[in-house]
file run-v4.txt (compact mmCIF, C-alpha atoms and all ligand atoms)
# COMPACT_ATOMS: atom_id res chain seq x y z
CA MET R 1 0.00 0.00 0.00
CA LEU R 2 1.37 3.39 -0.95
CA THR R 3 0.09 6.54 0.72
CA THR R 4 1.24 10.02 -0.15
CA ILE R 5 0.84 13.20 1.88
CA ASP R 6 1.86 16.61 0.56
CA ARG R 7 1.75 19.65 2.84
CA PRO R 8 3.72 22.78 3.75
CA SER R 9 5.95 22.33 6.80
CA ASP R 10 4.83 25.64 8.12
CA ALA R 11 1.16 26.58 7.95
CA ARG R 12 2.14 30.23 7.61
CA PHE R 13 3.66 29.37 4.22
CA ALA R 14 0.63 28.62 2.12
CA PRO R 15 1.07 29.52 -1.54
CA PRO R 16 -2.30 30.46 -3.02
CA GLY R 17 -4.02 27.73 -4.99
CA ARG R 18 -1.26 25.24 -4.38
CA VAL R 19 -3.09 22.23 -3.08
CA PRO R 20 -4.80 20.05 -5.70
CA LEU R 21 -1.99 18.42 -7.64
CA PRO R 22 -3.73 18.00 -11.02
CA ALA R 23 -4.08 21.79 -11.32
CA LEU R 24 -0.33 22.12 -10.98
CA ASN R 25 0.63 19.97 -13.90
CA ALA R 26 1.02 22.92 -16.26
CA GLY R 27 3.95 24.21 -14.21
CA VAL R 28 5.29 20.80 -13.35
CA ASN R 29 5.41 19.61 -16.94
CA ASN R 30 6.78 22.83 -18.37
CA TRP R 31 10.10 23.41 -16.82
CA VAL R 32 13.60 23.64 -18.25
CA PRO R 33 15.98 22.81 -15.40
CA HIS R 34 18.88 24.46 -17.23
CA ASP R 35 17.14 27.84 -16.97
CA LEU R 36 16.94 27.81 -13.17
CA VAL R 37 19.97 29.86 -12.14
CA MET R 38 19.80 30.65 -8.42
CA ARG R 39 21.82 33.35 -6.73
CA ASP R 40 22.49 34.76 -3.27
CA THR R 41 23.43 31.37 -1.89
CA TRP R 42 26.35 29.39 -0.51
CA PHE R 43 27.63 26.62 -2.79
CA PRO R 44 29.79 23.80 -1.37
CA LEU R 45 32.84 24.09 -3.60
CA ALA R 46 35.40 21.68 -2.15
CA HIS R 47 36.33 19.39 0.70
CA ALA R 48 38.25 21.57 3.14
CA ALA R 49 41.01 18.94 3.36
CA GLY R 50 41.62 19.33 -0.38
CA ILE R 51 42.37 23.05 -0.22
CA GLY R 52 45.92 24.14 0.57
CA THR R 53 48.26 26.92 -0.50
CA ARG R 54 48.14 25.83 -4.15
CA PRO R 55 45.07 27.24 -5.94
CA VAL R 56 42.45 24.85 -7.36
CA ARG R 57 39.76 25.87 -9.81
CA ARG R 58 36.06 25.31 -9.37
CA SER R 59 33.11 26.88 -11.13
CA VAL R 60 29.51 27.78 -10.46
CA TYR R 61 27.37 28.29 -13.56
CA SER R 62 30.66 28.65 -15.47
CA HIS R 63 31.91 31.47 -13.20
CA PRO R 64 35.46 30.60 -12.10
CA TYR R 65 36.23 30.19 -8.40
CA PHE R 66 39.92 29.77 -7.56
CA LEU R 67 40.33 28.41 -4.02
CA TRP R 68 43.43 28.37 -1.84
CA ARG R 69 44.56 29.19 1.67
CA GLU R 70 46.30 32.28 2.99
CA ASP R 71 47.69 31.80 6.52
CA GLY R 72 45.47 28.74 6.80
CA VAL R 73 42.29 30.63 5.88
CA ALA R 74 40.39 29.56 2.76
CA VAL R 75 39.89 32.28 0.16
CA ALA R 76 38.15 32.33 -3.24
CA ALA R 77 38.77 34.63 -6.17
CA ASP R 78 37.53 35.01 -9.72
CA HIS R 79 41.11 34.83 -10.99
CA HIS R 80 44.29 32.86 -10.34
CA PRO R 81 46.48 34.68 -7.79
CA ASN R 82 49.34 34.83 -10.31
CA GLU R 83 47.16 37.05 -12.48
CA GLY R 84 47.30 39.81 -9.85
CA CYS R 85 44.30 41.53 -8.39
CA MET R 86 43.37 44.14 -10.96
CA ALA R 87 39.85 45.47 -10.70
CA ARG R 88 37.51 43.48 -12.94
CA GLY R 89 34.23 44.96 -11.91
CA ASN R 90 32.75 41.59 -11.03
CA PRO R 91 29.54 42.40 -9.14
CA MET R 92 29.80 39.11 -7.22
CA THR R 93 33.20 39.87 -5.69
CA ASN R 94 34.83 42.65 -3.71
CA ALA R 95 37.19 45.18 -5.32
CA PHE R 96 39.99 42.60 -5.22
CA GLY R 97 38.03 39.93 -7.07
CA ARG R 98 37.42 37.91 -3.90
CA TYR R 99 34.20 36.01 -3.24
CA PRO R 100 32.79 35.63 0.28
CA VAL R 101 33.94 32.28 1.69
CA MET R 102 32.98 30.12 4.67
CA GLU R 103 34.45 26.92 6.01
CA GLN R 104 31.99 24.69 7.85
CA TYR R 105 31.25 20.95 8.12
CA GLY R 106 34.60 20.15 6.49
CA ILE R 107 33.52 21.97 3.33
CA VAL R 108 34.66 25.24 1.74
CA TRP R 109 31.59 27.23 0.71
CA GLY R 110 31.61 30.09 -1.79
CA TRP R 111 28.91 32.73 -2.05
CA PHE R 112 27.29 33.20 -5.45
CA GLY R 113 25.44 36.49 -5.74
CA ASN R 114 25.52 39.91 -4.16
CA PRO R 115 28.53 39.85 -1.79
CA ASP R 116 26.84 42.30 0.57
CA ALA R 117 24.09 39.72 1.15
CA ALA R 118 26.51 36.93 2.12
CA ASP R 119 25.64 35.81 5.63
CA PRO R 120 26.38 32.60 7.59
CA VAL R 121 22.66 32.48 8.44
CA HIS R 122 22.06 31.28 4.87
CA LEU R 123 24.32 28.24 5.24
CA PRO R 124 22.35 24.95 5.09
CA SER R 125 21.99 23.01 8.35
CA LEU R 126 23.83 19.64 8.20
CA PRO R 127 23.52 18.38 11.78
CA PHE R 128 25.10 14.95 11.16
CA LEU R 129 28.43 16.50 10.16
CA PRO R 130 30.90 17.89 12.72
CA PRO R 131 30.77 21.70 12.35
CA LYS R 132 34.54 21.93 12.27
CA GLY R 133 34.98 19.01 9.86
CA GLY R 134 37.72 16.49 10.45
CA LEU R 135 36.00 13.28 9.26
CA PRO R 136 38.42 10.76 7.73
CA GLY R 137 39.01 10.99 3.98
CA TYR R 138 37.37 7.64 3.24
CA MET R 139 34.00 9.17 4.23
CA THR R 140 34.33 11.78 1.49
CA GLY R 141 34.46 11.64 -2.27
CA THR R 142 33.74 13.48 -5.48
CA VAL R 143 31.51 12.41 -8.36
CA ARG R 144 30.16 14.24 -11.37
CA PHE R 145 26.99 14.05 -13.41
CA ASP R 146 26.70 15.12 -17.02
CA CYS R 147 23.32 16.65 -16.38
CA SER R 148 21.72 19.78 -15.03
CA ALA R 149 21.87 19.91 -11.21
CA PRO R 150 18.07 20.10 -10.76
CA ILE R 151 17.71 16.87 -12.77
CA SER R 152 20.03 15.14 -10.32
CA LEU R 153 18.03 16.45 -7.37
CA GLU R 154 14.60 15.57 -8.71
CA ASN R 155 15.95 12.10 -9.42
CA LEU R 156 17.16 11.88 -5.83
CA ILE R 157 13.96 13.06 -4.17
CA ASP R 158 11.89 10.40 -5.93
CA LEU R 159 13.57 7.74 -3.85
CA THR R 160 11.42 4.94 -5.20
CA HIS R 161 13.91 4.90 -8.09
CA ALA R 162 16.46 3.30 -5.74
CA ASP R 163 14.48 0.04 -5.64
CA PHE R 164 15.06 -0.43 -9.35
CA LEU R 165 18.27 1.42 -10.14
CA HIS R 166 20.22 0.62 -6.96
CA ALA R 167 18.58 -2.68 -5.96
CA ASN R 168 21.98 -4.37 -5.73
CA VAL R 169 23.01 -1.83 -3.06
CA VAL R 170 19.86 -0.87 -1.11
CA GLY R 171 17.40 -3.64 -1.88
CA ASP R 172 14.51 -4.22 -4.28
CA GLU R 173 10.94 -2.87 -4.39
CA LYS R 174 9.32 -5.53 -2.24
CA SER R 175 7.89 -4.33 1.07
CA GLU R 176 4.81 -4.87 3.24
CA SER R 177 3.85 -1.20 3.35
CA GLU R 178 5.17 2.09 2.12
CA SER R 179 4.28 5.71 2.81
CA ILE R 180 5.69 8.93 1.43
CA GLU R 181 5.26 12.32 3.10
CA VAL R 182 6.28 15.58 1.51
CA SER R 183 6.64 18.91 3.28
CA TRP R 184 8.23 22.17 2.28
CA THR R 185 9.12 25.77 2.96
CA SER R 186 10.02 28.46 0.45
CA GLU R 187 13.67 27.33 0.62
CA THR R 188 13.47 23.57 1.23
CA VAL R 189 11.55 20.46 0.29
CA THR R 190 11.54 17.29 2.39
CA MET R 191 10.45 13.77 1.49
CA VAL R 192 10.11 11.07 4.13
CA ARG R 193 9.72 7.51 2.92
CA SER R 194 8.83 4.80 5.42
CA CYS R 195 8.68 1.11 4.56
CA THR R 196 8.04 -1.93 6.70
CA GLY R 197 9.21 -5.41 5.84
CA LYS R 198 11.41 -4.24 2.97
CA THR R 199 13.94 -6.57 1.37
CA VAL R 200 17.14 -6.11 3.33
CA ALA R 201 19.76 -3.92 1.65
CA PRO R 202 22.45 -6.17 0.12
CA VAL R 203 25.16 -3.76 1.31
CA MET R 204 23.99 -4.35 4.89
CA LYS R 205 23.66 -8.09 4.40
CA PHE R 206 27.28 -8.30 3.36
CA PHE R 207 28.95 -5.54 5.36
CA SER R 208 26.82 -5.08 8.50
CA GLY R 209 26.08 -8.75 9.07
CA ILE R 210 22.27 -8.39 8.95
CA ARG R 211 20.80 -11.91 8.88
CA GLN R 212 17.07 -11.08 8.73
CA PRO R 213 15.50 -11.16 5.22
CA THR R 214 13.69 -7.84 5.69
CA GLN R 215 14.10 -4.56 7.53
CA ASN R 216 12.11 -1.43 8.28
CA ILE R 217 13.43 1.76 6.75
CA ARG R 218 12.92 5.48 7.10
CA GLN R 219 14.62 7.50 4.40
CA VAL R 220 14.61 11.27 4.22
CA ILE R 221 15.63 13.50 1.35
CA HIS R 222 15.88 17.15 2.38
CA ILE R 223 16.81 19.61 -0.37
CA TYR R 224 18.04 23.17 0.08
CA LEU R 225 16.73 24.66 -3.13
CA ARG R 226 19.10 27.57 -3.71
CA SER R 227 22.37 25.90 -2.85
CA HIS R 228 21.33 22.68 -4.62
CA CYS R 229 22.39 20.74 -1.53
CA ALA R 230 20.59 17.64 -0.34
CA ILE R 231 20.65 15.53 2.77
CA ALA R 232 19.92 11.84 2.29
CA TYR R 233 19.41 10.36 5.74
CA GLY R 234 18.45 6.70 5.97
CA ARG R 235 17.61 4.70 9.08
CA PHE R 236 17.54 0.94 8.68
CA SER R 237 16.20 -1.35 11.42
CA PRO R 238 17.93 -3.64 11.91
CA GLY R 239 20.94 -2.05 10.26
CA ASP R 240 22.98 1.11 10.18
CA ASP R 241 22.18 4.77 9.68
CA VAL R 242 23.29 6.17 6.35
CA PRO R 243 23.78 9.95 6.70
CA LEU R 244 24.80 11.45 3.38
CA PHE R 245 25.52 15.05 2.40
CA HIS R 246 24.66 15.07 -1.30
CA PRO R 247 25.39 18.47 -2.87
CA CYS R 248 24.74 19.05 -6.58
CA VAL R 249 26.81 22.07 -7.51
CA PRO R 250 26.00 23.39 -11.00
CA GLU R 251 29.49 23.76 -12.45
CA THR R 252 27.73 24.65 -15.67
CA ARG R 253 24.06 24.50 -16.54
CA ASP R 254 24.41 20.89 -17.61
CA ARG R 255 27.26 19.59 -15.50
CA THR R 256 27.06 18.81 -11.80
CA ARG R 257 29.72 18.21 -9.17
CA LEU R 258 29.18 16.40 -5.88
CA ASP R 259 31.76 16.71 -3.13
CA TYR R 260 29.86 14.32 -0.90
CA VAL R 261 30.34 13.33 2.75
CA MET R 262 28.87 10.24 4.39
CA ASN R 263 29.33 10.15 8.16
CA THR R 264 29.46 6.43 8.92
CA SER R 265 31.41 6.97 12.17
CA ASN R 266 28.90 4.94 14.15
CA ALA R 267 28.82 1.87 11.93
CA GLY R 268 30.96 -1.24 12.21
CA PHE R 269 34.39 -1.39 10.59
CA MET R 270 33.41 -2.87 7.21
CA PHE R 271 30.25 -0.83 6.63
CA ARG R 272 31.98 2.32 7.84
CA HIS R 273 34.64 1.97 5.16
CA VAL R 274 32.66 0.42 2.30
CA MET R 275 29.39 2.37 2.29
CA PRO R 276 30.85 5.83 1.53
CA LYS R 277 32.62 4.35 -1.50
CA ALA R 278 29.40 2.76 -2.76
CA SER R 279 28.62 6.29 -3.96
CA TYR R 280 30.89 5.67 -6.93
CA LEU R 281 28.77 2.70 -8.01
CA VAL R 282 25.44 4.34 -7.17
CA SER R 283 26.30 7.56 -8.98
CA ARG R 284 27.11 5.66 -12.19
CA GLN R 285 23.72 3.98 -11.98
CA ASP R 286 22.03 7.38 -11.57
CA SER R 287 24.10 8.87 -14.34
CA SER R 288 22.93 6.18 -16.76
CA MET R 289 19.45 7.68 -16.38
CA THR R 290 20.02 11.41 -15.91
CA SER R 291 22.83 12.05 -18.40
CA PRO R 292 20.77 11.06 -21.48
CA GLN R 293 17.78 12.97 -20.06
CA SER R 294 19.53 16.32 -19.67
CA PRO R 295 20.14 17.28 -23.34
CA ARG R 296 16.52 16.53 -24.23
CA TYR R 297 15.56 19.80 -22.57
CA MET R 298 17.86 21.69 -24.93
CA ARG R 299 16.09 20.60 -28.12
CA GLN R 300 12.75 21.55 -29.54
CA THR R 301 10.56 18.50 -29.38
CA LYS R 302 6.91 17.63 -29.51
CA ARG R 303 7.48 14.96 -26.93
CA ARG R 304 5.87 16.01 -23.67
CA ASP R 305 7.72 16.05 -20.36
CA LEU R 306 5.12 14.12 -18.44
CA HIS R 307 5.85 13.82 -14.77
CA SER R 308 4.21 11.16 -12.65
CA LYS R 309 1.42 12.65 -10.57
CA PHE R 310 2.27 10.11 -7.89
CA ASP R 311 5.68 11.70 -7.39
CA ALA R 312 4.49 14.46 -5.05
CA ALA R 313 8.06 15.20 -3.94
CA GLY R 314 9.40 15.68 -7.45
CA GLN R 315 6.42 17.84 -8.40
CA ARG R 316 6.85 19.99 -5.32
CA TYR R 317 10.55 20.38 -6.06
CA ARG R 318 9.82 21.60 -9.60
CA LEU R 319 7.19 24.06 -8.36
CA LEU R 320 9.31 25.48 -5.57
CA MET R 321 12.28 25.96 -7.88
CA GLN R 322 10.05 27.76 -10.35
CA ASP R 323 8.68 29.96 -7.55
CA LEU R 324 12.17 30.91 -6.42
CA ALA R 325 13.31 31.57 -9.98
CA ALA R 326 10.27 33.79 -10.57
CA ARG R 327 10.99 35.77 -7.41
CA GLN R 328 14.61 36.20 -8.37
CA ALA R 329 13.66 37.26 -11.89
CA ALA R 330 11.54 39.98 -10.26
CA GLY R 331 14.55 41.16 -8.24
CA ASP R 332 13.57 39.59 -4.91
CA PHE R 333 16.53 37.68 -3.45
CA ALA R 334 15.42 37.74 0.20
CA TYR R 335 15.17 34.56 2.24
CA ARG R 336 11.69 34.01 3.66
CA ASP R 337 12.71 30.92 5.60
CA ASN R 338 15.79 30.12 7.62
CA VAL R 339 17.95 27.39 6.09
CA SER R 340 20.53 27.27 8.90
CA ALA R 341 18.01 26.37 11.64
CA ASP R 342 18.82 22.87 12.92
CA CYS R 343 16.94 20.34 10.75
CA GLY R 344 17.74 17.36 13.00
CA ASP R 345 14.15 16.76 14.09
CA LEU R 346 12.85 17.15 10.55
CA ILE R 347 15.17 14.49 9.17
CA GLY R 348 14.72 12.21 12.20
CA LEU R 349 18.36 12.50 13.26
CA ARG R 350 19.39 10.07 15.98
CA ARG R 351 21.15 12.74 17.98
CA GLU R 352 22.80 10.27 20.32
CA LEU R 353 24.86 9.10 17.34
CA PHE R 354 25.88 12.58 16.26
CA ALA R 355 26.81 14.57 19.35
CA PHE R 356 29.61 16.95 18.45
FE FE S 1 19.90 7.23 -7.26

call {"tool": "encode", "arguments": {"input": "run-v4.txt", "output": "structure tokens"}}
result
Amino acid sequence: MLTTIDRPSDARFAPPGRVPLPALNAGVNNWVPHDLVMRDTWFPLAHAAGIGTRPVRRSVYSHPYFLWREDGVAVAADHHPNEGCMARGNPMTNAFGRYPVMEQYGIVWGWFGNPDAADPVHLPSLPFLPPKGGLPGYMTGTVRFDCSAPISLENLIDLTHADFLHANVVGDEKSESESIEVSWTSETVTMVRSCTGKTVAPVMKFFSGIRQPTQNIRQVIHIYLRSHCAIAYGRFSPGDDVPLFHPCVPETRDRTRLDYVMNTSNAGFMFRHVMPKASYLVSRQDSSMTSPQSPRYMRQTKRRDLHSKFDAAGQRYRLLMQDLAARQAAGDFAYRDNVSADCGDLIGLRRELFAF
């Protein structure tokens, strides 16, 4: 049995006429993810451990970000330091071509937008990561998708895809019951999937020593719309928690970079080491679907982009992104909801496992 609930997380945020899903299909089925350029947001540009005195180059929507450290402090500029700091008139940097930078959760974050609006209060809450970083390197990695970042995220938030695409890692589609709840604010969308009696995840059978044939699961996908960052937090009973930071940084409009972090500190030795690296296998499986999909939006076609009406989370994601884009197009870059407020309760964080 599948039940789906779709509601705003905060009753004060009630977009007019936004309840019956069929009426929304016009917006849902008419979006071009490549057109959704968000600004005034922090993007996770690199693992902090990977940034030293030697500059490395990243990009956000094709804008160059050179990252390095000066006296141990991470900095970002729109030019390589050897080029000197002549004034370039870049409205997203200061007079010296420097972007606002933050270092938090073991990640170097660069601000994309009006530098005067850069504020730590707009940094996404990631309560399962130590604020000062320091997790071992095997819990981190980098993968890329040849697709627009929003395509990656809408793929992620419809987590039922995992039963088919990643069955050899997280288990197949068989379960006794399944429910999906969707909630949102103007800056986030959250999907909670609960299953009972679901086929046990092969990765846990082999690396966590789970002997039972089935397990109960609670999986949460929580997306920060502007920064294109997602949390994927899974609780498996019996089994281990899988807390994944899953950013989708738009390097260009059709290329996405993920400097991911999976905090498996509380799992046993094998699972702790193996599960973070499963991302390399899982991401190839996702890429086999999303990479061919992305260029289809760039061509004129009579083929319709029909989105399943049963995917309330994916629909909500498309609508919220379109709302934000419309507001930004009208010159409104203000945050109406706080993204740095602790989201631990929302994602069902087992705080006893993540006390920092
Ligand atoms: Fe996937």

call {"tool": "closest_residue", "arguments": {"input": "run-v4.txt", "among": "R:Val274, R:Val200, R:Val261, R:Ile151", "to": "ligand FE 1 (chain S)", "atoms": "all atoms listed in the file"}}
result
R:Ile151

call {"tool": "residues_near_ligand", "arguments": {"input": "run-v4.txt", "ligand": "ligand FE 1 (chain S)", "cutoff": "12 Å", "atoms": "all atoms listed in the file", "output": "PyMOL selection string"}}
result
chain R and resi 145+151-170+221+232+246+278-290

call {"tool": "residues_near_point", "arguments": {"input": "run-v4.txt", "point": "(28.9, 10.9, 9.9)", "cutoff": "6 Å", "atoms": "all atoms listed in the file", "output": "PyMOL selection string"}}
result
chain R and resi 128-129+262-265

call {"tool": "residues_around", "arguments": {"input": "run-v4.txt", "residues": "His80 of chain R", "least_positions_apart": "6", "cutoff": "12 Å", "atoms": "all atoms listed in the file", "output": "PyMOL selection string"}}
result
chain R and resi 54-58+64-68+86+96-98

call {"tool": "residues_near_point", "arguments": {"input": "run-v4.txt", "point": "(1.8, 13.1, -15.2)", "cutoff": "9 Å", "atoms": "only C-alpha atoms", "output": "VMD selection string"}}
result
chain R and resid 22 25 28 to 29 305 to 311

call {"tool": "atom_distance", "arguments": {"input": "run-v4.txt", "atom1": "atom CA of Ala355 of chain R", "atom2": "atom CA of Tyr105 of chain R"}}
result
13.7 Å

call {"tool": "atom_distance", "arguments": {"input": "run-v4.txt", "atom1": "atom CA of Leu135 of chain R", "atom2": "atom CA of Arg218 of chain R"}}
result
24.5 Å

call {"tool": "atom_distance", "arguments": {"input": "run-v4.txt", "atom1": "atom CA of Arg211 of chain R", "atom2": "atom CA of Gly344 of chain R"}}
result
29.7 Å

call {"tool": "closest_residue", "arguments": {"input": "run-v4.txt", "among": "R:Pro124, R:Arg318, R:His273, R:Pro115", "to": "Cys229 of chain R", "atoms": "all atoms listed in the file"}}
result
R:Pro124

call {"tool": "closest_residue", "arguments": {"input": "run-v4.txt", "among": "R:Gly134, R:Gly110, R:Arg235, R:Val189", "to": "Phe356 of chain R", "atoms": "all atoms listed in the file"}}
result
R:Gly134

call {"tool": "residues_around", "arguments": {"input": "run-v4.txt", "residues": "Ala118 of chain R", "least_positions_apart": "6", "cutoff": "9 Å", "atoms": "all atoms listed in the file", "output": "ChimeraX atom specification"}}
result
/R:40-42,100-101,111-112

call {"tool": "closest_residue", "arguments": {"input": "run-v4.txt", "among": "R:Asp259, R:Met92, R:Gln104, R:Asn30", "to": "Asp116 of chain R", "atoms": "all atoms listed in the file"}}
result
R:Met92

call {"tool": "residues_around", "arguments": {"input": "run-v4.txt", "residues": "Val339 of chain R", "least_positions_apart": "2", "cutoff": "8 Å", "atoms": "all atoms listed in the file", "output": "ChimeraX atom specification"}}
result
/R:121-125,187-188,224,337,341

call {"tool": "write_last_selection", "arguments": {"input": "run-v4.txt", "atoms": "C-alpha atoms", "output": "compact mmCIF listing (two decimals), in the coordinates of the input"}}
result
# COMPACT_ATOMS: atom_id res chain seq x y z
CA VAL R 121 22.66 32.48 8.44
CA HIS R 122 22.06 31.28 4.87
CA LEU R 123 24.32 28.24 5.24
CA PRO R 124 22.35 24.95 5.09
CA SER R 125 21.99 23.01 8.35
CA GLU R 187 13.67 27.33 0.62
CA THR R 188 13.47 23.57 1.23
CA TYR R 224 18.04 23.17 0.08
CA ASP R 337 12.71 30.92 5.60
CA ALA R 341 18.01 26.37 11.64

call {"tool": "axis_aligned_box", "arguments": {"input": "run-v4.txt", "around": "segment 124-138 of chain R", "padding_each_side": "5 Å", "output": "AutoDock Vina command-line options"}}
result
--center_x 30.5 --center_y 16.3 --center_z 8.0 --size_x 27.0 --size_y 27.3 --size_z 19.5

call {"tool": "residues_around", "arguments": {"input": "run-v4.txt", "residues": "Val192 of chain R", "least_positions_apart": "2", "cutoff": "9 Å", "atoms": "all atoms listed in the file", "output": "NGL selection string"}}
result
:R and (179-183 or 190 or 194 or 218-222 or 347)

call {"tool": "closest_residue", "arguments": {"input": "run-v4.txt", "among": "R:Met204, R:Ala312, R:Leu36, R:Ala46", "to": "Leu324 of chain R", "atoms": "only C-alpha atoms"}}
result
R:Leu36

call {"tool": "decode", "arguments": {"input": "run-v4.txt", "residues": "segment 85-101 of chain R", "atoms": "N, CA and C atoms", "output": "CSV table (one decimal), in the first residue's frame"}}
result
chain,number,residue,atom,x,y,z
R,85,CYS,N,45.7,41.2,-8.8
R,85,CYS,CA,44.3,41.5,-8.4
R,85,CYS,C,43.8,42.8,-9.0
R,86,MET,N,43.9,42.9,-10.3
R,86,MET,CA,43.4,44.1,-11.0
R,86,MET,C,41.9,44.2,-10.9
R,87,ALA,N,41.3,45.3,-10.8
R,87,ALA,CA,39.9,45.5,-10.7
R,87,ALA,C,39.2,44.9,-12.0
R,88,ARG,N,38.2,44.1,-11.8
R,88,ARG,CA,37.5,43.5,-12.9
R,88,ARG,C,36.0,43.9,-13.0
R,89,GLY,N,35.6,44.5,-11.9
R,89,GLY,CA,34.2,45.0,-11.9
R,89,GLY,C,33.2,43.8,-11.8
R,90,ASN,N,33.7,42.7,-11.2
R,90,ASN,CA,32.8,41.6,-11.0
R,90,ASN,C,31.8,41.9,-9.9
R,91,PRO,N,30.5,42.0,-10.2
R,91,PRO,CA,29.5,42.4,-9.1
R,91,PRO,C,29.4,41.4,-8.0
R,92,MET,N,29.9,40.1,-8.2
R,92,MET,CA,29.8,39.1,-7.2
R,92,MET,C,31.0,39.0,-6.3
R,93,THR,N,32.0,39.9,-6.5
R,93,THR,CA,33.2,39.9,-5.7
R,93,THR,C,33.4,41.3,-5.1
R,94,ASN,N,34.4,41.3,-4.2
R,94,ASN,CA,34.8,42.7,-3.7
R,94,ASN,C,35.8,43.3,-4.7
R,95,ALA,N,36.3,44.4,-4.4
R,95,ALA,CA,37.2,45.2,-5.3
R,95,ALA,C,38.4,44.4,-5.7
R,96,PHE,N,38.8,43.4,-4.9
R,96,PHE,CA,40.0,42.6,-5.2
R,96,PHE,C,39.6,41.3,-5.9
R,97,GLY,N,38.4,41.1,-6.4
R,97,GLY,CA,38.0,39.9,-7.1
R,97,GLY,C,37.8,38.7,-6.2
R,98,ARG,N,37.6,39.0,-4.9
R,98,ARG,CA,37.4,37.9,-3.9
R,98,ARG,C,35.9,37.7,-3.6
R,99,TYR,N,35.6,36.4,-3.6
R,99,TYR,CA,34.2,36.0,-3.2
R,99,TYR,C,34.1,35.8,-1.7
R,100,PRO,N,33.0,36.0,-1.1
R,100,PRO,CA,32.8,35.6,0.3
R,100,PRO,C,33.0,34.1,0.4
R,101,VAL,N,33.6,33.7,1.5
R,101,VAL,CA,33.9,32.3,1.7
R,101,VAL,C,33.6,31.9,3.1
